[in-house]
>>> print(open('my_file-v9.cif').read())   # mmCIF, C-alpha atoms
data_my_file
#
loop_
_atom_site.label_atom_id
_atom_site.label_comp_id
_atom_site.auth_asym_id
_atom_site.auth_seq_id
_atom_site.Cartn_x
_atom_site.Cartn_y
_atom_site.Cartn_z
CA MET A 1 -14.63 141.23 -30.19
CA LYS A 2 -14.52 137.46 -30.80
CA ARG A 3 -11.35 137.85 -32.87
CA ILE A 4 -9.68 139.95 -30.16
CA PHE A 5 -10.56 137.35 -27.55
CA LEU A 6 -9.13 134.54 -29.68
CA TRP A 7 -5.88 136.43 -30.28
CA LEU A 8 -5.42 137.11 -26.53
CA LEU A 9 -6.15 133.48 -25.74
CA LEU A 10 -3.54 132.39 -28.29
CA VAL A 11 -0.94 134.73 -26.78
CA LEU A 12 -1.61 133.38 -23.28
CA LEU A 13 -1.28 129.80 -24.49
CA VAL A 14 2.05 130.58 -26.19
CA LEU A 15 3.37 132.33 -23.08
CA ALA A 16 2.29 129.40 -20.93
CA ALA A 17 4.09 127.03 -23.28
CA LEU A 18 7.24 129.13 -23.08
CA SER A 19 7.05 129.27 -19.30
CA TYR A 20 6.74 125.49 -19.22
CA GLY A 21 9.72 125.14 -21.51
CA VAL A 22 11.87 127.47 -19.45
CA THR A 23 11.03 125.65 -16.23
CA TYR A 24 11.32 122.01 -17.27
CA ILE A 25 13.89 121.92 -20.04
CA GLU A 26 17.40 121.51 -18.59
CA GLN A 27 19.26 123.00 -21.55
CA PRO A 28 17.26 126.02 -22.65
CA GLY A 29 19.87 127.04 -25.27
CA TYR A 30 21.79 130.28 -25.68
CA VAL A 31 21.23 133.40 -27.87
CA LEU A 32 23.83 136.13 -28.42
CA VAL A 33 23.22 139.26 -30.46
CA ALA A 34 26.07 141.76 -30.82
CA TYR A 35 26.08 144.79 -33.10
CA LYS A 36 28.60 147.60 -32.65
CA GLY A 37 28.09 148.76 -29.07
CA PHE A 38 24.90 146.74 -28.55
CA ARG A 39 25.09 143.31 -26.95
CA TYR A 40 22.21 140.99 -26.05
CA GLU A 41 22.52 137.51 -24.63
CA SER A 42 19.87 135.26 -23.16
CA SER A 43 18.52 131.76 -23.28
CA LEU A 44 16.53 130.58 -26.31
CA TRP A 45 13.26 130.44 -24.42
CA GLY A 46 13.81 133.86 -22.92
CA THR A 47 14.42 135.28 -26.37
CA LEU A 48 11.24 133.70 -27.68
CA ALA A 49 9.29 135.05 -24.71
CA LEU A 50 10.68 138.53 -25.32
CA GLY A 51 9.71 138.34 -29.02
CA LEU A 52 6.20 137.30 -28.20
CA THR A 53 5.93 140.02 -25.59
CA LEU A 54 7.02 142.66 -28.07
CA TRP A 55 4.59 141.32 -30.66
CA ALA A 56 1.74 141.39 -28.10
CA LEU A 57 2.68 144.96 -27.21
CA VAL A 58 2.62 146.10 -30.84
CA PHE A 59 -0.68 144.30 -31.40
CA SER A 60 -2.20 145.96 -28.30
CA VAL A 61 -1.05 149.41 -29.41
CA ARG A 62 -2.54 148.92 -32.90
CA LEU A 63 -5.78 147.65 -31.41
CA ALA A 64 -6.01 150.61 -29.07
CA TRP A 65 -5.35 153.00 -31.96
CA ARG A 66 -8.10 151.43 -34.05
CA LEU A 67 -10.54 151.63 -31.17
CA LEU A 68 -9.69 155.28 -30.59
CA THR A 69 -10.01 156.25 -34.27
CA ALA A 70 -13.25 154.25 -34.65
CA SER A 71 -14.78 155.90 -31.62
CA GLY A 72 -13.63 159.24 -33.01
CA ARG A 73 -15.44 158.58 -36.29
CA VAL A 74 -18.55 157.69 -34.35
CA ALA A 75 -18.36 160.61 -31.98
CA ASN A 76 -17.20 163.23 -34.50
CA PRO A 77 -20.29 164.62 -36.30
CA TRP A 78 -18.16 165.83 -39.25
CA SER A 79 -16.41 162.53 -39.87
CA ARG A 80 -16.82 160.89 -43.28
CA ARG A 81 -18.70 158.01 -41.72
CA ASN A 82 -21.29 160.28 -40.12
CA ARG A 83 -21.61 162.43 -43.24
CA ASN A 84 -22.34 159.37 -45.37
CA ARG A 85 -24.75 158.06 -42.78
CA ARG A 86 -26.66 161.35 -42.68
CA ALA A 87 -26.81 161.47 -46.48
CA GLN A 88 -28.17 157.94 -46.64
CA MET A 89 -30.80 158.69 -44.00
CA SER A 90 -31.82 161.87 -45.84
CA ALA A 91 -32.13 159.96 -49.12
CA GLU A 92 -34.27 157.22 -47.59
CA GLN A 93 -36.51 159.66 -45.77
CA GLY A 94 -36.77 161.92 -48.81
CA LEU A 95 -37.87 159.10 -51.10
CA LEU A 96 -40.41 157.98 -48.49
CA ASP A 97 -41.78 161.52 -48.19
CA LEU A 98 -41.90 161.85 -51.97
CA SER A 99 -43.91 158.65 -52.41
CA GLU A 100 -46.30 159.70 -49.63
CA GLY A 101 -46.84 163.21 -50.98
CA ARG A 102 -45.09 165.19 -48.24
CA TRP A 103 -43.51 167.56 -50.72
CA GLU A 104 -41.88 170.09 -48.39
CA ARG A 105 -40.08 167.45 -46.36
CA ALA A 106 -39.18 165.50 -49.49
CA LEU A 107 -37.63 168.60 -51.04
CA ARG A 108 -35.56 169.32 -47.93
CA HIS A 109 -34.30 165.76 -47.46
CA LEU A 110 -33.59 165.01 -51.12
CA ARG A 111 -31.75 168.26 -51.68
CA ARG A 112 -29.57 167.51 -48.64
CA ALA A 113 -28.89 163.99 -49.90
CA ALA A 114 -28.08 165.24 -53.39
CA GLU A 115 -25.47 167.70 -52.14
CA ALA A 116 -23.73 164.94 -50.18
CA GLU A 117 -23.78 162.21 -52.86
CA SER A 118 -21.23 161.76 -55.63
CA GLN A 119 -23.99 160.44 -57.97
CA PRO A 120 -26.91 162.71 -57.03
CA LEU A 121 -29.10 162.43 -60.15
CA MET A 122 -32.05 160.53 -58.67
CA HIS A 123 -32.13 162.77 -55.61
CA TYR A 124 -32.17 165.93 -57.73
CA LEU A 125 -34.95 164.54 -59.91
CA GLY A 126 -37.04 163.73 -56.87
CA ALA A 127 -36.39 167.15 -55.36
CA ALA A 128 -37.36 168.84 -58.63
CA ARG A 129 -40.64 166.95 -58.68
CA ALA A 130 -41.35 167.91 -55.06
CA ALA A 131 -40.64 171.58 -55.84
CA GLN A 132 -42.99 171.39 -58.81
CA GLU A 133 -45.76 169.92 -56.66
CA LEU A 134 -45.31 172.89 -54.35
CA GLY A 135 -45.75 175.27 -57.28
CA ARG A 136 -42.14 176.46 -57.15
CA TYR A 137 -41.34 176.01 -60.82
CA SER A 138 -38.20 178.14 -60.92
CA GLU A 139 -36.73 176.17 -58.02
CA SER A 140 -37.60 172.93 -59.79
CA ASP A 141 -35.77 174.09 -62.91
CA SER A 142 -32.75 175.22 -60.91
CA LEU A 143 -32.53 171.80 -59.25
CA LEU A 144 -32.48 170.15 -62.67
CA GLU A 145 -29.81 172.58 -63.82
CA ARG A 146 -27.79 171.75 -60.72
CA ALA A 147 -28.15 168.05 -61.55
CA LEU A 148 -26.87 168.72 -65.07
CA ASN A 149 -23.85 170.58 -63.72
CA ARG A 150 -23.05 167.72 -61.33
CA GLN A 151 -23.68 164.91 -63.83
CA PRO A 152 -23.43 166.28 -67.38
CA GLN A 153 -23.40 162.74 -68.81
CA ALA A 154 -27.03 162.37 -67.64
CA GLU A 155 -28.29 165.16 -69.93
CA LEU A 156 -30.87 162.94 -71.67
CA ALA A 157 -32.40 161.63 -68.46
CA ILE A 158 -32.62 165.15 -67.03
CA ALA A 159 -34.19 166.51 -70.23
CA LEU A 160 -36.83 163.76 -70.30
CA ALA A 161 -37.74 164.47 -66.69
CA HIS A 162 -37.83 168.20 -67.44
CA ALA A 163 -40.22 167.61 -70.36
CA GLU A 164 -42.54 165.58 -68.13
CA LEU A 165 -42.61 168.39 -65.57
CA GLN A 166 -43.26 170.97 -68.30
CA VAL A 167 -46.23 168.97 -69.57
CA ALA A 168 -47.57 168.65 -66.04
CA ARG A 169 -47.37 172.43 -65.51
CA ALA A 170 -49.26 173.05 -68.80
CA GLU A 171 -46.28 174.25 -70.81
CA PRO A 172 -46.56 172.06 -73.93
CA ALA A 173 -44.57 174.44 -76.14
CA ALA A 174 -41.59 174.32 -73.76
CA ALA A 175 -41.88 170.54 -73.45
CA LEU A 176 -41.96 170.22 -77.24
CA GLU A 177 -38.83 172.35 -77.55
CA THR A 178 -37.05 170.19 -74.96
CA LEU A 179 -38.03 166.93 -76.66
CA GLN A 180 -37.17 168.14 -80.15
CA ALA A 181 -33.71 169.13 -78.95
CA MET A 182 -33.23 165.64 -77.52
CA ARG A 183 -34.58 164.11 -80.72
CA GLU A 184 -31.90 165.90 -82.73
CA ARG A 185 -29.16 164.60 -80.44
CA HIS A 186 -30.65 161.12 -79.89
CA PRO A 187 -32.81 160.44 -82.97
CA ARG A 188 -33.27 156.74 -82.21
CA HIS A 189 -33.97 156.92 -78.50
CA ARG A 190 -37.27 155.17 -77.81
CA GLN A 191 -38.29 157.15 -74.74
CA VAL A 192 -37.79 160.45 -76.57
CA LEU A 193 -40.04 159.20 -79.38
CA ARG A 194 -42.65 157.88 -76.94
CA GLN A 195 -42.85 161.18 -75.07
CA LEU A 196 -43.10 163.09 -78.34
CA GLN A 197 -45.92 160.79 -79.45
CA ALA A 198 -47.81 161.32 -76.20
CA LEU A 199 -47.37 165.09 -76.42
CA TYR A 200 -48.54 165.24 -80.06
CA GLU A 201 -51.59 163.15 -79.20
CA GLN A 202 -52.40 165.25 -76.15
CA GLN A 203 -52.20 168.46 -78.20
CA GLY A 204 -54.14 167.04 -81.16
CA ALA A 205 -51.19 167.56 -83.50
CA TRP A 206 -52.30 164.71 -85.76
CA SER A 207 -50.22 165.63 -88.81
CA GLU A 208 -47.05 165.74 -86.70
CA LEU A 209 -48.00 162.45 -85.05
CA LEU A 210 -48.54 160.78 -88.41
CA GLY A 211 -45.12 162.07 -89.49
CA LEU A 212 -43.59 160.51 -86.36
CA LEU A 213 -45.15 157.07 -86.95
CA PRO A 214 -42.41 155.78 -89.31
CA GLU A 215 -39.73 156.50 -86.70
CA LEU A 216 -41.81 154.87 -83.98
CA ARG A 217 -42.13 151.76 -86.14
CA LYS A 218 -38.50 151.73 -87.30
CA ASN A 219 -37.10 152.02 -83.78
CA LYS A 220 -39.73 149.70 -82.25
CA ALA A 221 -40.72 152.32 -79.71
CA LEU A 222 -44.17 150.72 -79.42
CA ALA A 223 -45.45 147.18 -79.83
CA GLU A 224 -46.94 146.54 -83.25
CA PRO A 225 -50.60 146.14 -82.07
CA GLU A 226 -50.31 149.37 -80.06
CA LEU A 227 -48.72 151.10 -83.03
CA LEU A 228 -51.48 150.00 -85.39
CA GLU A 229 -54.17 151.24 -83.01
CA LEU A 230 -52.34 154.56 -82.63
CA GLU A 231 -52.14 154.86 -86.42
CA ARG A 232 -55.88 154.22 -86.82
CA ARG A 233 -56.71 156.67 -84.03
CA ALA A 234 -54.51 159.36 -85.58
CA TRP A 235 -56.04 158.94 -89.03
CA ARG A 236 -59.59 159.02 -87.66
CA ALA A 237 -58.78 162.26 -85.87
CA ARG A 238 -57.06 163.63 -88.98
CA LEU A 239 -60.16 162.88 -91.06
CA ALA A 240 -62.35 164.56 -88.45
CA VAL A 241 -60.17 167.68 -88.59
CA ALA A 242 -60.38 167.65 -92.40
CA GLY A 243 -64.16 167.36 -92.16
CA GLN A 244 -64.32 170.34 -89.83
CA SER A 245 -62.16 172.31 -92.25
CA GLY A 246 -64.57 171.39 -95.04
CA LEU A 247 -67.51 172.85 -93.14
CA GLN A 248 -65.79 176.24 -93.38
CA ALA A 249 -64.61 175.86 -96.97
CA GLY A 250 -67.90 176.73 -98.68
CA GLU A 251 -68.18 175.33 -102.19
CA ALA A 252 -64.97 173.28 -101.88
CA ALA A 253 -66.23 171.54 -98.75
CA LEU A 254 -65.08 168.06 -99.77
CA GLU A 255 -61.59 169.08 -100.86
CA PRO A 256 -59.79 168.94 -97.45
CA LEU A 257 -61.43 165.61 -96.62
CA THR A 258 -60.63 164.11 -100.03
CA GLN A 259 -57.00 165.21 -99.80
CA ALA A 260 -56.66 163.67 -96.35
CA TRP A 261 -58.27 160.43 -97.55
CA GLN A 262 -55.89 160.18 -100.50
CA GLN A 263 -52.92 160.36 -98.14
CA LEU A 264 -53.85 156.96 -96.71
CA SER A 265 -52.34 153.84 -98.20
CA LYS A 266 -54.48 151.40 -100.17
CA ALA A 267 -54.54 148.97 -97.23
CA GLN A 268 -55.57 151.74 -94.83
CA ARG A 269 -58.43 152.80 -97.11
CA GLN A 270 -59.83 149.29 -96.68
CA GLU A 271 -59.66 149.44 -92.87
CA PRO A 272 -63.28 149.35 -91.54
CA SER A 273 -62.72 151.91 -88.78
CA LEU A 274 -61.13 154.39 -91.20
CA LEU A 275 -63.81 153.77 -93.82
CA LEU A 276 -66.44 154.44 -91.17
CA ALA A 277 -64.74 157.70 -90.14
CA TYR A 278 -64.47 158.83 -93.76
CA ALA A 279 -68.11 158.01 -94.54
CA GLU A 280 -69.31 159.78 -91.40
CA GLN A 281 -67.43 162.94 -92.41
CA LEU A 282 -68.90 162.72 -95.92
CA ARG A 283 -72.38 162.52 -94.44
CA ALA A 284 -71.65 165.47 -92.12
CA LEU A 285 -70.65 167.48 -95.20
CA GLY A 286 -73.91 166.59 -96.97
CA ALA A 287 -72.32 164.10 -99.37
CA GLU A 288 -74.45 161.07 -98.48
CA PRO A 289 -74.47 159.63 -102.02
CA GLU A 290 -70.66 159.66 -102.10
CA ALA A 291 -70.57 158.02 -98.67
CA GLU A 292 -73.04 155.34 -99.85
CA GLN A 293 -70.87 154.53 -102.86
CA VAL A 294 -67.75 154.26 -100.73
CA LEU A 295 -69.43 151.90 -98.25
CA ARG A 296 -71.06 149.77 -100.95
CA ALA A 297 -67.72 149.22 -102.66
CA ALA A 298 -66.05 148.36 -99.34
CA LEU A 299 -68.81 145.94 -98.27
CA LYS A 300 -68.52 144.06 -101.55
CA HIS A 301 -64.97 143.10 -100.57
CA GLN A 302 -65.38 142.66 -96.82
CA TYR A 303 -68.51 142.55 -94.69
CA ASP A 304 -68.49 144.65 -91.53
CA ALA A 305 -71.46 145.22 -89.22
CA SER A 306 -70.45 148.77 -88.27
CA LEU A 307 -70.28 149.80 -91.94
CA VAL A 308 -73.66 148.16 -92.61
CA ALA A 309 -75.24 150.11 -89.73
CA LEU A 310 -74.11 153.40 -91.27
CA TYR A 311 -75.02 152.23 -94.78
CA GLY A 312 -78.65 151.79 -93.73
CA SER A 313 -78.76 155.42 -92.54
CA LEU A 314 -77.54 156.93 -95.80
CA CYS A 315 -79.65 158.13 -98.70
CA GLY A 316 -77.91 157.40 -101.99
CA HIS A 317 -78.75 158.46 -105.52
CA GLU A 318 -80.70 155.25 -106.17
CA PRO A 319 -82.53 154.02 -103.03
CA GLN A 320 -83.82 150.91 -104.82
CA ALA A 321 -80.35 149.84 -105.95
CA GLN A 322 -79.09 150.56 -102.44
CA LEU A 323 -81.75 148.24 -100.98
CA GLN A 324 -80.98 145.51 -103.52
CA ALA A 325 -77.28 145.65 -102.70
CA ALA A 326 -78.02 145.24 -98.99
CA GLU A 327 -80.40 142.36 -99.65
CA GLY A 328 -77.57 140.64 -101.51
CA TRP A 329 -75.53 140.62 -98.29
CA LEU A 330 -78.46 139.00 -96.46
CA LYS A 331 -77.71 135.68 -98.13
CA GLN A 332 -74.39 135.46 -96.31
CA GLN A 333 -75.50 137.16 -93.07
CA PRO A 334 -79.15 136.10 -92.58
CA ASN A 335 -79.17 136.60 -88.81
CA ASP A 336 -77.19 139.82 -88.42
CA PRO A 337 -79.41 142.27 -86.45
CA GLN A 338 -77.48 145.28 -87.78
CA LEU A 339 -78.06 144.22 -91.39
CA LEU A 340 -81.76 143.55 -90.74
CA LEU A 341 -82.12 146.98 -89.14
CA ALA A 342 -80.34 148.59 -92.13
CA LEU A 343 -82.68 146.73 -94.52
CA GLY A 344 -85.68 147.97 -92.56
CA ARG A 345 -84.49 151.56 -92.89
CA LEU A 346 -83.72 151.16 -96.59
CA ALA A 347 -87.17 149.66 -97.14
CA LEU A 348 -88.65 152.75 -95.46
CA GLN A 349 -86.68 154.95 -97.88
CA ASN A 350 -88.31 153.00 -100.73
CA ARG A 351 -91.76 153.29 -99.06
CA LEU A 352 -92.04 149.52 -98.72
CA TRP A 353 -93.88 149.61 -95.41
CA ASP A 354 -94.64 145.91 -94.98
CA LYS A 355 -91.13 144.84 -95.99
CA ALA A 356 -89.68 147.40 -93.60
CA ARG A 357 -91.85 146.05 -90.81
CA ASP A 358 -90.76 142.47 -91.50
CA TYR A 359 -87.08 143.42 -91.47
CA LEU A 360 -87.41 145.42 -88.23
CA GLU A 361 -89.33 142.60 -86.53
CA ALA A 362 -86.63 140.15 -87.63
CA SER A 363 -83.91 142.45 -86.25
CA LEU A 364 -85.63 142.54 -82.86
CA LEU A 365 -85.93 138.76 -82.85
CA GLN A 366 -82.15 138.53 -83.19
CA GLN A 367 -81.31 141.31 -80.73
CA ARG A 368 -83.38 143.74 -78.68
CA SER A 369 -81.84 147.13 -79.48
CA ALA A 370 -83.04 150.67 -78.87
CA PRO A 371 -82.67 151.82 -82.54
CA ALA A 372 -84.72 148.87 -83.86
CA CYS A 373 -87.41 149.47 -81.22
CA ALA A 374 -87.58 153.16 -82.13
CA GLU A 375 -87.76 152.53 -85.88
CA LEU A 376 -90.49 149.92 -85.57
CA ALA A 377 -92.42 152.00 -83.04
CA ARG A 378 -92.35 155.00 -85.37
CA LEU A 379 -93.62 152.89 -88.27
CA LEU A 380 -96.40 151.30 -86.19
CA ALA A 381 -97.52 154.69 -84.92
CA HIS A 382 -98.07 155.84 -88.52
CA GLN A 383 -99.90 152.60 -89.28
CA GLY A 384 -102.32 153.20 -86.39
CA GLU A 385 -101.01 150.57 -83.95
CA ILE A 386 -100.59 153.06 -81.12
CA ALA A 387 -100.59 150.58 -78.23
CA ARG A 388 -97.73 148.44 -79.58
CA SER A 389 -95.91 151.55 -80.76
CA ASN A 390 -95.94 152.97 -77.23
CA GLN A 391 -94.83 149.62 -75.87
CA LEU A 392 -91.82 149.57 -78.19
CA PHE A 393 -90.95 153.16 -77.36
CA GLN A 394 -90.93 152.26 -73.67
CA GLU A 395 -88.77 149.21 -74.34
CA GLY A 396 -86.32 151.29 -76.37
CA LEU A 397 -86.15 153.86 -73.59
CA SER A 398 -85.44 151.17 -71.01
CA LEU A 399 -82.64 149.82 -73.22
CA LEU A 400 -81.15 153.32 -73.46
CA GLU A 401 -81.36 153.72 -69.70
CA GLN A 402 -78.95 150.79 -69.30
CA HIS A 403 -76.19 153.02 -70.68
CA LEU A 404 -77.16 156.13 -68.72
CA PRO A 405 -75.54 157.09 -65.40
CA THR A 406 -77.52 156.46 -62.25
CA LEU A 407 -79.05 159.80 -61.20
CA PRO A 408 -81.76 160.74 -58.68
CA LEU A 409 -85.25 161.16 -60.16
CA PRO A 410 -88.55 162.45 -58.65
CA GLU A 411 -91.02 159.97 -57.22
CA LEU A 412 -93.84 158.77 -59.47
CA SER A 413 -97.13 160.48 -58.55
#
>>> encode(input="my_file-v9.cif", output="structure tokens")
Amino acid sequence: MKRIFLWLLLVLLVLAALSYGVTYIEQPGYVLVAYKGFRYESSLWGTLALGLTLWALVFSVRLAWRLLTASGRVANPWSRRNRNRRAQMSAEQGLLDLSEGRWERALRHLRRAAEAESQPLMHYLGAARAAQELGRYSESDSLLERALNRQPQAELAIALAHAELQVARAEPAAALETLQAMRERHPRHRQVLRQLQALYEQQGAWSELLGLLPELRKNKALAEPELLELERRAWRARLAVAGQSGLQAGEAALEPLTQAWQQLSKAQRQEPSLLLAYAEQLRALGAEPEAEQVLRAALKHQYDASLVALYGSLCGHEPQAQLQAAEGWLKQQPNDPQLLLALGRLALQNRLWDKARDYLEASLLQQRSAPACAELARLLAHQGEIARSNQLFQEGLSLLEQHLPTLPLPELS
């Protein structure tokens, strides 16, 4: 409106200037235009005034036409402007409904927006999720298929979203088929590899996950610390599965576990968490002497408190040699409560009651722990010190209660 006002003001000023010129200039000039049968003659100022009048008339007609067409676009509900406006409003409202969990409204608005947009991918994906939340799985799949037909170049994005929905509706086999198809077409795509990794881990497919690890590392799908932790977690689970298989193997109980252990690299077989998992499975299979030898060899190279704690619970072929080996570590770790507790247990295996008591007392001086309290209380009970034994049992129970959930209990009578 400001521009229109300025143009009209300019026209009025020009007309006023022409009027002034016509009135006060004595020789206004002369203009003659003749063409075939047409003849026009007038003064110079009159000609200029006529030109400006014609220009103002053309400008007014164009302005009126623009106003009429603009008002038509506003008033006409089927105009392109109104269609785009409705699609935008539907998209905004649909995304708001989707984020707030109003699935029925989100489905309606996003589907409407998707049909009106030239790039409808995000709207179809949102509508498919809303349909899934409503339990309408076939409709969700048809929306994704519609998105693929409209934007075939977005096949990967649609497939990844489809796999997520399939996992959410407890269809892991279908999700695996979708992801494997995408892996064949996009073997280096990080998100495909990440979703495959999550699915394998969720389903406990540890062998497949371990086979996927080189590709995860090569394509940098995960950060290196996260990848190392995933690798350790997968191998611990793989060893546990091998141990369970050994329980059903009869005489060849150790064979599945040994084969799984040999698949690890030399560096991995020195990893404390994996050594601990392997030794625990050996103990579960009744091979405590083998577990003791494995831990003793590992602790000679690298001391680890978690391995020492398990070492003190094992019964090897030679209990005395086992105790002597642990006492050798005491020179470097004189104040480690886990080592002192392990020494107390090993002394009990060798029937060295006083030495066991000294080690257990020393462990409690370094750290009050429920296992040390229980071991010393059990020893004192057999030595006739009932009062202190009961006191230690109560202390150990109170330490355990710190890790128990808070639950209602009956009143003390």
>>> atom_distance(input="my_file-v9.cif", atom1="atom CA of Asp336 of chain A", atom2="atom CA of Pro272 of chain A")
17.1 Å
>>> closest_residue(input="my_file-v9.cif", among="A:Phe38, A:Tyr137, A:Trp55, A:Trp261", to="Ala170 of chain A", atoms="all atoms listed in the file")
A:Tyr137
>>> residues_around(input="my_file-v9.cif", residues="Glu155 of chain A", least_positions_apart="2", cutoff="12 Å", atoms="only C-alpha atoms", output="VMD selection string")
chain A and resid 121 144 to 153 157 to 162 178 to 179 181 to 182 185 to 186
>>> atom_distance(input="my_file-v9.cif", atom1="atom CA of Glu361 of chain A", atom2="atom CA of Leu376 of chain A")
7.5 Å
>>> resolve_selection(input="my_file-v9.cif", expression="the PyMOL selection byres ((chain A and resi 222-236) around 8)", output="list in words")
Arg194, Glu201, Trp206, Leu209, Leu210, Leu213, Leu216, Arg217, Lys220, Ala221, Ala237, Arg238, Leu239, Ala240, Ser273, Leu274, Ala277 and Tyr278 of chain A
>>> residues_around(input="my_file-v9.cif", residues="Gln322 of chain A", least_positions_apart="4", cutoff="10 Å", atoms="only C-alpha atoms", output="list in words")
Glu292, Gln293, Arg296, Tyr311, Gly312, Leu314, Cys315, Gly316, His317, Glu318, Ala326, Glu327, Leu343, Leu346, Ala347, Gln349 and Asn350 of chain A
>>> resolve_selection(input="my_file-v9.cif", expression="the PyMOL selection byres ((chain A and resi 397) around 12)", output="list in words")
Arg368, Ser369, Ala370, Pro371, Ala372, Cys373, Ala374, Ala377, Asn390, Gln391, Leu392, Phe393, Gln394, Glu395, Gly396, Ser398, Leu399, Leu400, Glu401, Gln402, His403 and Leu404 of chain A
>>> residues_around(input="my_file-v9.cif", residues="Gln93 of chain A", least_positions_apart="5", cutoff="12 Å", atoms="all atoms listed in the file", output="number ranges by chain")
A: 86-88, 98-100, 102-103, 105-113, 123, 126
>>> atom_distance(input="my_file-v9.cif", atom1="atom CA of Arg136 of chain A", atom2="atom CA of Tyr124 of chain A")
14.5 Å
>>> residues_around(input="my_file-v9.cif", residues="Ser138 of chain A", least_positions_apart="6", cutoff="12 Å", atoms="only C-alpha atoms", output="ChimeraX atom specification")
/A:128-129,131-132,144-145,162,165-166,169
>>> residues_around(input="my_file-v9.cif", residues="Gln366 of chain A", least_positions_apart="4", cutoff="8 Å", atoms="only C-alpha atoms", output="list in words")
Asn335, Asp336, Pro337 and Ala362 of chain A
>>> closest_residue(input="my_file-v9.cif", among="A:Leu193, A:Met122, A:Ala325, A:Leu176", to="Leu339 of chain A", atoms="all atoms listed in the file")
A:Ala325
>>> closest_residue(input="my_file-v9.cif", among="A:Ala287, A:Leu254, A:Ala279, A:Leu95", to="Ala309 of chain A", atoms="all atoms listed in the file")
A:Ala279
>>> closest_residue(input="my_file-v9.cif", among="A:Arg39, A:Pro319, A:Ile386, A:Leu365", to="Leu352 of chain A", atoms="all atoms listed in the file")
A:Pro319
>>> closest_residue(input="my_file-v9.cif", among="A:Arg62, A:Arg183, A:Arg378, A:Lys331", to="Gln195 of chain A", atoms="all atoms listed in the file")
A:Arg183
>>> closest_residue(input="my_file-v9.cif", among="A:Glu164, A:Glu288, A:Asp358, A:Glu92", to="Leu125 of chain A", atoms="all atoms listed in the file")
A:Glu164
